[in-house]
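Structure data follow from entry-v2.cif (mmCIF, C-alpha atoms):
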```
data_input
loop_
_atom_site.group_PDB
_atom_site.id
_atom_site.type_symbol
_atom_site.label_atom_id
_atom_site.label_comp_id
_atom_site.auth_asym_id
_atom_site.auth_seq_id
_atom_site.Cartn_x
_atom_site.Cartn_y
_atom_site.Cartn_z
ATOM 1 C CA MET E 110 13.870 -5.671 -2.151
ATOM 2 C CA ASN E 111 13.901 -6.243 -5.874
ATOM 3 C CA PRO E 112 12.890 -2.993 -7.557
ATOM 4 C CA THR E 113 11.688 -3.200 -11.121
ATOM 5 C CA SER E 114 14.109 -2.428 -13.909
ATOM 6 C CA PRO E 115 14.187 1.272 -14.721
ATOM 7 C CA ASP E 116 13.921 0.331 -18.397
ATOM 8 C CA SER E 117 10.556 -1.430 -18.112
ATOM 9 C CA PRO E 118 7.307 0.114 -16.900
ATOM 10 C CA CYS E 119 6.269 -0.717 -13.355
ATOM 11 C CA ARG E 120 3.055 -2.761 -13.568
ATOM 12 C CA VAL E 121 0.590 -1.666 -10.881
ATOM 13 C CA ALA E 122 -2.405 -3.608 -9.546
ATOM 14 C CA ILE E 123 -4.963 -2.429 -7.004
ATOM 15 C CA VAL E 124 -7.266 -4.143 -4.508
ATOM 16 C CA GLU E 125 -10.095 -1.680 -3.852
ATOM 17 C CA ASP E 126 -13.802 -2.388 -3.537
ATOM 18 C CA HIS E 127 -14.982 1.032 -4.732
ATOM 19 C CA THR E 128 -15.171 1.089 -8.524
ATOM 20 C CA PHE E 129 -14.681 4.851 -8.811
ATOM 21 C CA MET E 130 -11.493 4.761 -6.732
ATOM 22 C CA ARG E 131 -10.170 1.681 -8.550
ATOM 23 C CA GLU E 132 -10.821 3.243 -11.955
ATOM 24 C CA GLY E 133 -9.315 6.546 -10.801
ATOM 25 C CA VAL E 134 -6.079 4.857 -9.778
ATOM 26 C CA LYS E 135 -6.080 2.958 -13.091
ATOM 27 C CA LEU E 136 -6.367 6.227 -15.007
ATOM 28 C CA PHE E 137 -3.720 7.889 -12.841
ATOM 29 C CA VAL E 138 -1.251 5.003 -13.280
ATOM 30 C CA SER E 139 -1.876 4.850 -17.039
ATOM 31 C CA LYS E 140 -0.867 8.497 -17.364
ATOM 32 C CA MET E 141 2.302 8.212 -15.247
ATOM 33 C CA LYS E 142 5.630 7.928 -17.014
ATOM 34 C CA ASP E 143 7.277 4.517 -16.506
ATOM 35 C CA PHE E 144 4.160 2.941 -14.969
ATOM 36 C CA SER E 145 1.460 0.764 -16.502
ATOM 37 C CA TRP E 146 -1.769 -0.878 -15.394
ATOM 38 C CA ALA E 147 -1.789 -4.604 -14.555
ATOM 39 C CA TRP E 148 -5.219 -5.384 -13.025
ATOM 40 C CA GLY E 149 -7.766 -4.458 -10.385
ATOM 41 C CA ALA E 150 -9.576 -6.586 -7.809
ATOM 42 C CA MET E 151 -12.625 -5.823 -5.663
ATOM 43 C CA SER E 152 -11.826 -8.161 -2.756
ATOM 44 C CA ALA E 153 -9.012 -10.020 -1.040
ATOM 45 C CA ALA E 154 -10.193 -13.307 -2.590
ATOM 46 C CA ASP E 155 -10.204 -11.763 -6.086
ATOM 47 C CA ALA E 156 -6.727 -10.366 -5.459
ATOM 48 C CA MET E 157 -5.318 -13.757 -4.464
ATOM 49 C CA THR E 158 -6.808 -15.294 -7.625
ATOM 50 C CA GLU E 159 -5.285 -12.538 -9.776
ATOM 51 C CA LEU E 160 -1.899 -12.868 -8.041
ATOM 52 C CA ASP E 161 -1.850 -16.581 -8.912
ATOM 53 C CA LYS E 162 -2.237 -15.642 -12.592
ATOM 54 C CA ASP E 163 -0.202 -12.431 -12.801
ATOM 55 C CA THR E 164 2.157 -10.881 -10.243
ATOM 56 C CA PRO E 165 2.453 -7.103 -10.723
ATOM 57 C CA ASP E 166 5.514 -5.006 -9.826
ATOM 58 C CA LEU E 167 3.586 -2.925 -7.283
ATOM 59 C CA LEU E 168 0.385 -3.709 -5.393
ATOM 60 C CA VAL E 169 -1.923 -1.057 -3.934
ATOM 61 C CA VAL E 170 -4.272 -2.311 -1.196
ATOM 62 C CA ASP E 171 -7.229 -0.673 0.523
ATOM 63 C CA LEU E 172 -7.476 -1.512 4.234
ATOM 64 C CA MET E 173 -11.237 -1.940 4.265
ATOM 65 C CA LEU E 174 -12.290 -4.736 1.914
ATOM 66 C CA PRO E 175 -15.656 -6.506 1.833
ATOM 67 C CA ASP E 176 -14.383 -10.014 2.566
ATOM 68 C CA ARG E 177 -11.473 -9.446 4.951
ATOM 69 C CA SER E 178 -9.055 -6.908 6.336
ATOM 70 C CA GLY E 179 -6.523 -5.382 3.975
ATOM 71 C CA LEU E 180 -3.941 -5.927 6.736
ATOM 72 C CA GLU E 181 -4.589 -9.670 6.633
ATOM 73 C CA LEU E 182 -4.313 -9.635 2.836
ATOM 74 C CA ILE E 183 -0.982 -7.799 3.072
ATOM 75 C CA LYS E 184 0.342 -10.448 5.468
ATOM 76 C CA ASP E 185 -0.708 -13.248 3.104
ATOM 77 C CA VAL E 186 0.743 -11.535 0.034
ATOM 78 C CA HIS E 187 3.967 -10.784 1.893
ATOM 79 C CA VAL E 188 4.403 -14.491 2.747
ATOM 80 C CA LEU E 189 3.695 -15.666 -0.819
ATOM 81 C CA HIS E 190 5.425 -12.794 -2.648
ATOM 82 C CA PRO E 191 7.965 -11.271 -0.215
ATOM 83 C CA GLN E 192 9.577 -9.135 -2.927
ATOM 84 C CA LEU E 193 6.288 -7.553 -4.049
ATOM 85 C CA PRO E 194 6.124 -3.960 -2.768
ATOM 86 C CA ILE E 195 2.741 -2.954 -1.341
ATOM 87 C CA ILE E 196 1.305 0.507 -0.770
ATOM 88 C CA VAL E 197 -1.708 0.903 1.478
ATOM 89 C CA LEU E 198 -4.438 3.234 0.309
ATOM 90 C CA SER E 199 -6.752 4.302 3.109
ATOM 91 C CA MET E 200 -9.170 6.924 4.301
ATOM 92 C CA HIS E 201 -7.850 6.378 7.839
ATOM 93 C CA ASP E 202 -5.218 8.499 9.561
ATOM 94 C CA GLU E 203 -1.683 7.106 9.435
ATOM 95 C CA LYS E 204 -1.443 7.220 13.233
ATOM 96 C CA LEU E 205 -4.081 4.490 13.439
ATOM 97 C CA TYR E 206 -2.913 2.068 10.756
ATOM 98 C CA ALA E 207 0.444 2.892 9.126
ATOM 99 C CA HIS E 208 2.553 1.184 11.770
ATOM 100 C CA ARG E 209 0.417 -1.960 11.577
ATOM 101 C CA ALA E 210 0.531 -1.900 7.765
ATOM 102 C CA LEU E 211 4.327 -1.616 7.751
ATOM 103 C CA LYS E 212 4.609 -4.476 10.262
ATOM 104 C CA ALA E 213 2.356 -6.564 7.984
ATOM 105 C CA GLY E 214 4.705 -6.002 5.032
ATOM 106 C CA ALA E 215 3.571 -2.800 3.316
ATOM 107 C CA ARG E 216 6.211 -0.370 2.011
ATOM 108 C CA GLY E 217 4.034 2.727 1.907
ATOM 109 C CA TYR E 218 0.881 4.339 3.234
ATOM 110 C CA LEU E 219 -1.222 6.876 1.348
ATOM 111 C CA ARG E 220 -4.406 8.553 2.416
ATOM 112 C CA LYS E 221 -7.103 8.605 -0.255
ATOM 113 C CA ASP E 222 -7.203 12.397 -0.035
ATOM 114 C CA ALA E 223 -3.482 12.736 -0.882
ATOM 115 C CA SER E 224 -2.538 14.887 -3.861
ATOM 116 C CA HIS E 225 -1.524 13.521 -7.254
ATOM 117 C CA ALA E 226 2.038 14.649 -6.509
ATOM 118 C CA GLU E 227 2.050 12.640 -3.263
ATOM 119 C CA TYR E 228 0.735 9.553 -5.084
ATOM 120 C CA GLU E 229 3.362 9.854 -7.798
ATOM 121 C CA LYS E 230 6.171 10.405 -5.289
ATOM 122 C CA ALA E 231 5.042 7.396 -3.199
ATOM 123 C CA PHE E 232 4.739 5.091 -6.218
ATOM 124 C CA GLN E 233 8.192 6.067 -7.480
ATOM 125 C CA ARG E 234 9.825 5.800 -4.064
ATOM 126 C CA VAL E 235 8.378 2.353 -3.348
ATOM 127 C CA ARG E 236 9.180 1.177 -6.880
ATOM 128 C CA ALA E 237 12.814 2.151 -6.236
ATOM 129 C CA GLY E 238 12.876 0.008 -3.094
ATOM 130 C CA GLY E 239 12.142 2.705 -0.511
ATOM 131 C CA ILE E 240 9.412 3.311 2.021
ATOM 132 C CA SER E 241 6.860 6.093 1.664
ATOM 133 C CA LEU E 242 4.989 7.817 4.480
ATOM 134 C CA SER E 243 3.756 11.364 4.798
ATOM 135 C CA GLY E 244 6.457 13.750 6.009
ATOM 136 C CA SER E 245 4.863 14.349 9.395
ATOM 137 C CA PHE E 246 4.367 10.646 10.127
ATOM 138 C CA ALA E 247 7.865 9.758 8.874
ATOM 139 C CA ASP E 248 9.267 12.320 11.331
ATOM 140 C CA GLU E 249 7.200 10.783 14.127
ATOM 141 C CA VAL E 250 8.495 7.280 13.290
ATOM 142 C CA LEU E 251 12.124 8.431 13.176
ATOM 143 C CA LEU E 252 11.812 10.354 16.451
ATOM 144 C CA ALA E 253 10.220 7.340 18.162
ATOM 145 C CA PHE E 254 13.014 5.026 17.036
ATOM 146 C CA ALA E 255 15.758 7.584 17.768
ATOM 147 C CA SER E 256 14.457 8.014 21.313
ATOM 148 C CA GLY E 257 14.159 4.260 21.801
ATOM 149 C CA ASN E 258 10.412 4.574 22.252
ATOM 150 C CA ALA E 259 9.133 2.852 19.097
ATOM 151 C CA ARG E 260 6.234 1.301 21.030
ATOM 152 C CA SER E 261 4.729 4.798 21.324
ATOM 153 C CA LEU E 262 3.794 4.490 17.636
ATOM 154 C CA GLU E 263 1.264 1.809 18.426
ATOM 155 C CA GLY E 264 -0.958 4.138 20.409
ATOM 156 C CA GLU E 265 -2.578 3.589 23.745
ATOM 157 C CA GLY E 266 -3.822 0.023 23.914
ATOM 158 C CA LEU E 267 -3.982 -0.458 20.133
ATOM 159 C CA GLU E 268 -1.071 -2.897 20.152
ATOM 160 C CA SER E 269 -3.151 -5.386 22.112
ATOM 161 C CA LEU E 270 -5.917 -5.477 19.489
ATOM 162 C CA SER E 271 -5.816 -7.897 16.569
ATOM 163 C CA ASP E 272 -5.848 -6.536 13.041
#
```

Please render this file's structure as structure tokens.
Amino acid sequence: MNPTSPDSPCRVAIVEDHTFMREGVKLFVSKMKDFSWAWGAMSAADAMTELDKDTPDLLVVDLMLPDRSGLELIKDVHVLHPQLPIIVLSMHDEKLYAHRALKAGARGYLRKDASHAEYEKAFQRVRAGGISLSGSFADEVLLAFASGNARSLEGEGLESLSD
């Protein structure tokens, strides 16, 4: 992991097809200390084009995009830019997608209904090279690994489905 220098603002980009959500994150990031806005994309294809021109310090990705799965985009970005930290932004419960997102290369998972404080904490933690999950899901992950039953995180039968 190559966290951004604490002296320079962390440039954030987002891949989100809903304009209101994209603009809301832009406004939020612009008001955060030590963070700045890089760009926004409406689709996975747009994101790949933007990444070719300008690699941000942190990428926020929605799971449900109009042209392809956010999980597939994360895998592609992770191959091309392995040091780029990615946070998933989703309306879906962590129990359904967080494990898959982390396996794909994401470093954090935020629900769209999270508080501003949770967003800020997640952005700062991932920027510093850490992983960010909600407290309850992080406990579940740690308990599963501590008990040697990490496969229980994948849910019943979900591990056999493709992304």

Apply the PyMOL selection byres ((chain E and resi 241) around 12) to the structure shown and report the selected residues as a PDB file with C-alpha atoms, in the coordinates of the input.
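Saved the output as out.pdb:
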```pdb
ATOM      1  CA  PRO E 194       6.124  -3.960  -2.768  1.00  0.00           C
ATOM      2  CA  ILE E 195       2.741  -2.954  -1.341  1.00  0.00           C
ATOM      3  CA  ILE E 196       1.305   0.507  -0.770  1.00  0.00           C
ATOM      4  CA  VAL E 197      -1.708   0.903   1.478  1.00  0.00           C
ATOM      5  CA  LEU E 198      -4.438   3.234   0.309  1.00  0.00           C
ATOM      6  CA  GLU E 203      -1.683   7.106   9.435  1.00  0.00           C
ATOM      7  CA  ALA E 207       0.444   2.892   9.126  1.00  0.00           C
ATOM      8  CA  ALA E 210       0.531  -1.900   7.765  1.00  0.00           C
ATOM      9  CA  LEU E 211       4.327  -1.616   7.751  1.00  0.00           C
ATOM     10  CA  ALA E 215       3.571  -2.800   3.316  1.00  0.00           C
ATOM     11  CA  ARG E 216       6.211  -0.370   2.011  1.00  0.00           C
ATOM     12  CA  GLY E 217       4.034   2.727   1.907  1.00  0.00           C
ATOM     13  CA  TYR E 218       0.881   4.339   3.234  1.00  0.00           C
ATOM     14  CA  LEU E 219      -1.222   6.876   1.348  1.00  0.00           C
ATOM     15  CA  ARG E 220      -4.406   8.553   2.416  1.00  0.00           C
ATOM     16  CA  GLU E 227       2.050  12.640  -3.263  1.00  0.00           C
ATOM     17  CA  TYR E 228       0.735   9.553  -5.084  1.00  0.00           C
ATOM     18  CA  GLU E 229       3.362   9.854  -7.798  1.00  0.00           C
ATOM     19  CA  LYS E 230       6.171  10.405  -5.289  1.00  0.00           C
ATOM     20  CA  ALA E 231       5.042   7.396  -3.199  1.00  0.00           C
ATOM     21  CA  PHE E 232       4.739   5.091  -6.218  1.00  0.00           C
ATOM     22  CA  GLN E 233       8.192   6.067  -7.480  1.00  0.00           C
ATOM     23  CA  ARG E 234       9.825   5.800  -4.064  1.00  0.00           C
ATOM     24  CA  VAL E 235       8.378   2.353  -3.348  1.00  0.00           C
ATOM     25  CA  ARG E 236       9.180   1.177  -6.880  1.00  0.00           C
ATOM     26  CA  ALA E 237      12.814   2.151  -6.236  1.00  0.00           C
ATOM     27  CA  GLY E 238      12.876   0.008  -3.094  1.00  0.00           C
ATOM     28  CA  GLY E 239      12.142   2.705  -0.511  1.00  0.00           C
ATOM     29  CA  ILE E 240       9.412   3.311   2.021  1.00  0.00           C
ATOM     30  CA  LEU E 242       4.989   7.817   4.480  1.00  0.00           C
ATOM     31  CA  SER E 243       3.756  11.364   4.798  1.00  0.00           C
ATOM     32  CA  GLY E 244       6.457  13.750   6.009  1.00  0.00           C
ATOM     33  CA  SER E 245       4.863  14.349   9.395  1.00  0.00           C
ATOM     34  CA  PHE E 246       4.367  10.646  10.127  1.00  0.00           C
ATOM     35  CA  ALA E 247       7.865   9.758   8.874  1.00  0.00           C
ATOM     36  CA  ASP E 248       9.267  12.320  11.331  1.00  0.00           C
ATOM     37  CA  VAL E 250       8.495   7.280  13.290  1.00  0.00           C
TER      38      VAL E 250
END
```

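Compared by their closest atoms to E:Thr158, and using all atoms listed in the file, the residues E:Ala223, E:Val138, E:Val186, E:Val170 rank with E:Val186 nearest.
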
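Going from atom CA of E:Ala150 to atom CA of E:Asp126 covers 7.3 Å.
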
field: Surrounding residues of E:Cys119 excluding itself and chain neighbours under 4 positions, 8 Å, all atoms listed in the file, as a PyMOL selection string
entry: chain E and resi 113+143-145+165-167+236

task: Mind giving me the straight-line distance from atom CA of E:Val121 to atom CA of E:Trp148 in Å, one decimal?
output: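 Spanning atom CA of E:Val121 to atom CA of E:Trp148 is a straight-line distance of 7.2 Å.
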
task: State, in Å with one decimal place, the distance from atom CA of E:His127 to atom CA of E:Lys142.
output: 25.0 Å

- request: Please evaluate the PyMOL selection byres ((chain E and resi 184) around 10) against the structure above and give the resulting residues as JSON, numbers by chain.
  value: {"E": [179, 180, 181, 182, 183, 185, 186, 187, 188, 189, 190, 191, 210, 211, 212, 213, 214, 215]}

task: Using only C-alpha atoms, pick whichever of E:Ser117, E:Ser152, E:Ser256, E:Ser224 has the shortest atom-to-atom distance to E:Ser178.
output: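 Nearest candidate to E:Ser178 out of E:Ser117, E:Ser152, E:Ser256, E:Ser224: E:Ser152.
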